[in-house]
Amino acid sequence: MSVQSAIKRKTAPDLRARKNGEPIVMLTSYHAHTAALVDRHCDAILVGDSLGNVMHGFETTVPVTLDMMILQGRAVMRGSQAALVVVDMPFGSYEGSKEQAFQSAVRIMKETLCGAVKLEGGARMAETVAFLSERGIPVMGHIGLTPQSINTLGSFRAQGREEETWAPIENDARAIAEAGAFSIVVEAVAEPLARKITQSIAVPTIGIGASAACDGQVLVLEDMLGLSPRAPKFVRRYGNLGPMIEEAIAGYARDVKSRAFPGPEHVYGMKKS
């Protein structure tokens, strides 16, 4: 008889079951040490391709590679224990065909041991979402503002602020949900539209710049901690760590220059014979 350890982490079905229930708490993380902190308070951790902006200083997420996502996904899995870890599929790793998407998703799940992947796009990605879901890969969707499409969108602007533009976004949400996504991130969408989408689809919505009526919320960790120099309108800063970190670095630099550090308590003396 084979012996399998019970899954202790939250799973995609666990989050799916939270529709119209207790709101889902989600934050991004890209490192083992921040993952350990986030894990204590969040239901899910997103290893977002926003690491391109946060860690590497890219202007967009477009340059992020599959190898980069896998490397940071492994770190987050090592640092966390209970949360569902969802890894973004980066630009160019899934759009070519549903078969390409499957191969990329398999690499992510095998090499990170994460519990789900996330991909951007609405109705045009429904066939791919279904293909992955039918083959055992839990998929989180992402509609509204899709940062990987910045070169066609032209700017990071909110979607659905005119009611006549609602229909395609509603169709995107419906198509992805019906294709088998276990939840859908709704980004930078006018509040009444995000509320309507949440009420009209059967899977949880996770808002980011959307509506408090969504079934959960996600933010980029560095944005809400005050580590990002610029943060979108929809971010509430729960900390202001940037100035604190700089003050600590400045204090270290002063002590090194004045030879106040290291002190006697930080160095090693000779052993007594």
# chains A, B, ... in the order shown; residues from 1 in each chain; ligands from 1
$ residues_around --residues "segment 51-63 of chain A" --least-positions-apart "2" --cutoff "8 Å" --atoms "only C-alpha atoms" --output "PyMOL selection string"
chain A and resi 30+47-49+65+90-91+147-148+150+222+228
$ write_last_selection --atoms "all heavy atoms" --output "mmCIF file, in the first residue's frame"
data_model
loop_
_atom_site.group_PDB
_atom_site.id
_atom_site.type_symbol
_atom_site.label_atom_id
_atom_site.label_comp_id
_atom_site.auth_asym_id
_atom_site.auth_seq_id
_atom_site.Cartn_x
_atom_site.Cartn_y
_atom_site.Cartn_z
ATOM 1 N N TYR A 30 8.081 36.939 -3.612
ATOM 2 C CA TYR A 30 9.072 36.406 -4.548
ATOM 3 C C TYR A 30 10.265 35.790 -3.820
ATOM 4 O O TYR A 30 11.198 35.322 -4.444
ATOM 5 C CB TYR A 30 9.589 37.498 -5.487
ATOM 6 C CG TYR A 30 8.528 38.478 -5.911
ATOM 7 C CD1 TYR A 30 8.536 39.788 -5.435
ATOM 8 C CD2 TYR A 30 7.504 38.091 -6.762
ATOM 9 C CE1 TYR A 30 7.554 40.692 -5.802
ATOM 10 C CE2 TYR A 30 6.509 38.989 -7.132
ATOM 11 C CZ TYR A 30 6.546 40.283 -6.649
ATOM 12 O OH TYR A 30 5.556 41.165 -7.011
ATOM 13 N N VAL A 47 3.064 34.338 -6.804
ATOM 14 C CA VAL A 47 4.404 34.632 -7.317
ATOM 15 C C VAL A 47 4.158 35.326 -8.650
ATOM 16 O O VAL A 47 4.031 34.698 -9.691
ATOM 17 C CB VAL A 47 5.242 33.355 -7.493
ATOM 18 C CG1 VAL A 47 6.672 33.703 -7.904
ATOM 19 C CG2 VAL A 47 5.249 32.545 -6.205
ATOM 20 N N GLY A 48 4.031 36.640 -8.582
ATOM 21 C CA GLY A 48 3.596 37.408 -9.746
ATOM 22 C C GLY A 48 4.739 37.772 -10.672
ATOM 23 O O GLY A 48 5.882 37.933 -10.240
ATOM 24 N N ASP A 49 4.400 37.927 -11.953
ATOM 25 C CA ASP A 49 5.427 38.402 -12.880
ATOM 26 C C ASP A 49 5.752 39.871 -12.631
ATOM 27 O O ASP A 49 6.655 40.432 -13.258
ATOM 28 C CB ASP A 49 5.047 38.143 -14.339
ATOM 29 C CG ASP A 49 3.752 38.814 -14.757
ATOM 30 O OD1 ASP A 49 3.133 39.520 -13.936
ATOM 31 O OD2 ASP A 49 3.336 38.619 -15.926
ATOM 32 N N THR A 65 10.892 35.901 -17.779
ATOM 33 C CA THR A 65 10.992 34.595 -18.423
ATOM 34 C C THR A 65 10.413 33.498 -17.538
ATOM 35 O O THR A 65 10.222 33.670 -16.329
ATOM 36 C CB THR A 65 12.453 34.244 -18.734
ATOM 37 O OG1 THR A 65 13.157 34.070 -17.473
ATOM 38 C CG2 THR A 65 13.127 35.340 -19.546
ATOM 39 N N PRO A 90 4.488 33.681 -17.499
ATOM 40 C CA PRO A 90 4.940 34.944 -18.079
ATOM 41 C C PRO A 90 4.586 35.074 -19.556
ATOM 42 O O PRO A 90 4.274 34.081 -20.235
ATOM 43 C CB PRO A 90 6.453 34.895 -17.872
ATOM 44 C CG PRO A 90 6.773 33.437 -17.900
ATOM 45 C CD PRO A 90 5.604 32.761 -17.253
ATOM 46 N N PHE A 91 4.668 36.295 -20.043
ATOM 47 C CA PHE A 91 4.387 36.601 -21.439
ATOM 48 C C PHE A 91 5.234 35.726 -22.363
ATOM 49 O O PHE A 91 6.434 35.572 -22.170
ATOM 50 C CB PHE A 91 4.702 38.078 -21.700
ATOM 51 C CG PHE A 91 4.476 38.516 -23.120
ATOM 52 C CD1 PHE A 91 3.200 38.653 -23.628
ATOM 53 C CD2 PHE A 91 5.553 38.796 -23.941
ATOM 54 C CE1 PHE A 91 2.998 39.058 -24.939
ATOM 55 C CE2 PHE A 91 5.367 39.204 -25.248
ATOM 56 C CZ PHE A 91 4.081 39.328 -25.747
ATOM 57 N N PRO A 147 -1.478 43.438 -17.535
ATOM 58 C CA PRO A 147 -0.208 44.138 -17.744
ATOM 59 C C PRO A 147 0.665 43.568 -18.858
ATOM 60 O O PRO A 147 1.455 44.300 -19.458
ATOM 61 C CB PRO A 147 0.483 44.016 -16.383
ATOM 62 C CG PRO A 147 -0.639 43.912 -15.408
ATOM 63 C CD PRO A 147 -1.684 43.095 -16.113
ATOM 64 N N GLN A 148 0.554 42.269 -19.149
ATOM 65 C CA GLN A 148 1.371 41.703 -20.223
ATOM 66 C C GLN A 148 0.977 42.268 -21.595
ATOM 67 O O GLN A 148 1.756 42.169 -22.540
ATOM 68 C CB GLN A 148 1.245 40.180 -20.233
ATOM 69 C CG GLN A 148 1.889 39.510 -19.025
ATOM 70 C CD GLN A 148 1.682 38.010 -19.005
ATOM 71 O OE1 GLN A 148 1.224 37.423 -19.987
ATOM 72 N NE2 GLN A 148 2.015 37.375 -17.904
ATOM 73 N N ILE A 150 0.476 45.425 -22.225
ATOM 74 C CA ILE A 150 0.703 46.869 -22.173
ATOM 75 C C ILE A 150 1.050 47.459 -23.535
ATOM 76 O O ILE A 150 0.672 48.579 -23.860
ATOM 77 C CB ILE A 150 1.815 47.213 -21.146
ATOM 78 C CG1 ILE A 150 2.017 48.726 -21.027
ATOM 79 C CG2 ILE A 150 3.124 46.514 -21.494
ATOM 80 C CD1 ILE A 150 0.798 49.488 -20.595
ATOM 81 N N GLU A 222 5.254 44.737 -2.028
ATOM 82 C CA GLU A 222 6.127 45.918 -1.931
ATOM 83 C C GLU A 222 5.331 47.212 -2.046
ATOM 84 O O GLU A 222 5.716 48.238 -1.459
ATOM 85 C CB GLU A 222 7.205 45.854 -3.015
ATOM 86 C CG GLU A 222 8.317 44.857 -2.743
ATOM 87 C CD GLU A 222 7.928 43.408 -2.978
ATOM 88 O OE1 GLU A 222 6.791 43.146 -3.454
ATOM 89 O OE2 GLU A 222 8.754 42.523 -2.700
ATOM 90 N N SER A 228 7.725 50.516 -2.870
ATOM 91 C CA SER A 228 7.709 50.918 -4.285
ATOM 92 C C SER A 228 7.677 52.438 -4.358
ATOM 93 O O SER A 228 6.882 53.078 -3.651
ATOM 94 C CB SER A 228 6.489 50.336 -4.994
ATOM 95 O OG SER A 228 6.473 48.925 -4.900
#
$ residues_around --residues "Val25 of chain A" --least-positions-apart "3" --cutoff "12 Å" --atoms "only C-alpha atoms" --output "ChimeraX atom specification"
/A:15,18,21-22,28,38-46,83-84,204-208,214-219
$ write_last_selection --atoms "N, CA and C atoms" --output "compact mmCIF listing (two decimals), in the first residue's frame"
# COMPACT_ATOMS: atom_id res chain seq x y z
N LEU A 15 -10.04 27.34 -2.34
CA LEU A 15 -10.34 28.72 -2.71
C LEU A 15 -11.64 28.79 -3.51
N ARG A 18 -14.73 29.17 -1.56
CA ARG A 18 -14.92 30.41 -0.80
C ARG A 18 -15.83 31.40 -1.52
N GLY A 21 -18.24 33.52 0.40
CA GLY A 21 -17.93 33.21 1.79
C GLY A 21 -16.97 34.22 2.37
N GLU A 22 -16.13 33.77 3.31
CA GLU A 22 -15.13 34.66 3.91
C GLU A 22 -14.17 35.12 2.82
N THR A 28 1.39 39.14 -3.04
CA THR A 28 2.51 38.60 -3.82
C THR A 28 3.69 38.33 -2.89
N VAL A 38 4.14 36.29 4.88
CA VAL A 38 2.84 36.35 4.22
C VAL A 38 2.01 35.11 4.54
N ASP A 39 2.68 33.98 4.61
CA ASP A 39 2.02 32.68 4.81
C ASP A 39 1.20 32.64 6.09
N ARG A 40 1.60 33.40 7.09
CA ARG A 40 0.91 33.37 8.38
C ARG A 40 -0.45 34.05 8.35
N HIS A 41 -0.69 34.86 7.32
CA HIS A 41 -1.90 35.68 7.31
C HIS A 41 -2.74 35.54 6.04
N CYS A 42 -2.20 34.92 5.01
CA CYS A 42 -2.88 34.89 3.72
C CYS A 42 -3.32 33.48 3.33
N ASP A 43 -4.41 33.43 2.60
CA ASP A 43 -4.90 32.16 2.05
C ASP A 43 -4.09 31.72 0.84
N ALA A 44 -3.60 32.69 0.09
CA ALA A 44 -2.88 32.39 -1.14
C ALA A 44 -1.74 33.38 -1.32
N ILE A 45 -0.67 32.89 -1.94
CA ILE A 45 0.48 33.73 -2.28
C ILE A 45 0.64 33.69 -3.79
N LEU A 46 0.71 34.86 -4.39
CA LEU A 46 0.93 34.95 -5.83
C LEU A 46 2.39 35.25 -6.10
N ALA A 83 -0.28 28.39 2.77
CA ALA A 83 -1.01 29.08 1.72
C ALA A 83 -0.92 28.35 0.39
N LEU A 84 -1.95 28.50 -0.44
CA LEU A 84 -1.88 28.06 -1.82
C LEU A 84 -0.92 28.99 -2.56
N PRO A 204 -14.88 32.44 -7.50
CA PRO A 204 -14.48 33.64 -6.76
C PRO A 204 -13.72 34.64 -7.64
N THR A 205 -13.99 35.91 -7.41
CA THR A 205 -13.20 36.98 -8.00
C THR A 205 -12.24 37.50 -6.94
N ILE A 206 -11.03 37.83 -7.38
CA ILE A 206 -10.04 38.42 -6.49
C ILE A 206 -9.68 39.78 -7.06
N GLY A 207 -10.06 40.81 -6.35
CA GLY A 207 -9.92 42.16 -6.87
C GLY A 207 -8.55 42.76 -6.60
N ILE A 208 -8.12 43.59 -7.56
CA ILE A 208 -6.96 44.47 -7.36
C ILE A 208 -7.30 45.74 -8.11
N CYS A 214 -15.75 42.03 -4.32
CA CYS A 214 -15.07 40.84 -4.85
C CYS A 214 -14.91 39.81 -3.73
N ASP A 215 -14.72 38.56 -4.12
CA ASP A 215 -14.61 37.47 -3.14
C ASP A 215 -13.27 37.45 -2.43
N GLY A 216 -12.35 38.29 -2.84
CA GLY A 216 -11.04 38.38 -2.20
C GLY A 216 -10.29 39.57 -2.76
N GLN A 217 -9.10 39.80 -2.23
CA GLN A 217 -8.27 40.92 -2.67
C GLN A 217 -6.82 40.46 -2.77
N VAL A 218 -6.06 41.08 -3.69
CA VAL A 218 -4.63 40.85 -3.82
C VAL A 218 -3.94 42.18 -4.04
N LEU A 219 -2.76 42.33 -3.47
CA LEU A 219 -1.90 43.49 -3.72
C LEU A 219 -0.47 43.00 -3.88
$ closest_residue --among "A:Ala175, A:Val267, A:Leu225, A:Ala202" --to "Pro243 of chain A" --atoms "only C-alpha atoms"
A:Leu225
$ select_by_dssp --residues "segment 77-242 of chain A" --states "strand (DSSP E or B)" --output "PyMOL selection string"
chain A and resi 84-88+116-118+121+139-144+159+183-187+189+205-208+216-219
$ select_by_dssp --residues "segment 49-139 of chain A" --states "helix (DSSP H, G or I)" --output "JSON, numbers by chain"
{"A": [51, 52, 53, 54, 66, 67, 68, 69, 70, 71, 72, 73, 74, 75, 76, 77, 78, 79, 98, 99, 100, 101, 102, 103, 104, 105, 106, 107, 108, 109, 110, 111, 112, 123, 124, 125, 126, 127, 128, 129, 130, 131, 132, 133, 134]}
$ write_last_selection --atoms "C-alpha atoms" --output "short mmCIF file (atom, residue, chain, number, x, y, z; two decimals), in the first residue's frame"
data_model
loop_
_atom_site.label_atom_id
_atom_site.label_comp_id
_atom_site.auth_asym_id
_atom_site.auth_seq_id
_atom_site.Cartn_x
_atom_site.Cartn_y
_atom_site.Cartn_z
CA LEU A 51 8.81 40.55 -9.94
CA GLY A 52 10.07 42.01 -13.20
CA ASN A 53 9.22 45.48 -11.90
CA VAL A 54 9.91 44.91 -8.21
CA LEU A 66 9.68 31.19 -17.42
CA ASP A 67 13.00 30.40 -15.71
CA MET A 68 12.69 33.54 -13.59
CA MET A 69 9.20 32.56 -12.47
CA ILE A 70 10.28 29.03 -11.61
CA LEU A 71 13.30 30.22 -9.61
CA GLN A 72 11.22 32.56 -7.45
CA GLY A 73 8.36 30.08 -7.22
CA ARG A 74 10.71 27.54 -5.68
CA ALA A 75 11.88 30.13 -3.14
CA VAL A 76 8.32 30.97 -2.13
CA MET A 77 7.40 27.30 -1.77
CA ARG A 78 10.40 26.78 0.53
CA GLY A 79 9.41 29.75 2.66
CA LYS A 98 -2.78 25.36 -25.69
CA GLU A 99 -0.04 22.75 -26.05
CA GLN A 100 2.64 25.37 -25.40
CA ALA A 101 0.69 26.51 -22.34
CA PHE A 102 0.49 22.93 -21.07
CA GLN A 103 4.23 22.38 -21.41
CA SER A 104 4.99 25.66 -19.61
CA ALA A 105 2.50 24.96 -16.85
CA VAL A 106 3.87 21.44 -16.35
CA ARG A 107 7.38 22.87 -15.94
CA ILE A 108 6.15 25.37 -13.37
CA MET A 109 4.24 22.81 -11.33
CA LYS A 110 6.91 20.09 -11.49
CA GLU A 111 9.85 22.38 -10.74
CA THR A 112 8.22 24.54 -8.05
CA ALA A 123 -12.42 34.75 -23.94
CA ARG A 124 -9.42 34.30 -26.22
CA MET A 125 -7.77 32.13 -23.54
CA ALA A 126 -10.85 30.08 -22.62
CA GLU A 127 -9.83 27.10 -24.76
CA THR A 128 -6.39 27.08 -23.13
CA VAL A 129 -7.87 27.31 -19.63
CA ALA A 130 -10.13 24.34 -20.40
CA PHE A 131 -7.22 22.36 -21.87
CA LEU A 132 -5.09 22.89 -18.76
CA SER A 133 -7.91 22.30 -16.28
CA GLU A 134 -8.92 19.05 -17.95
#
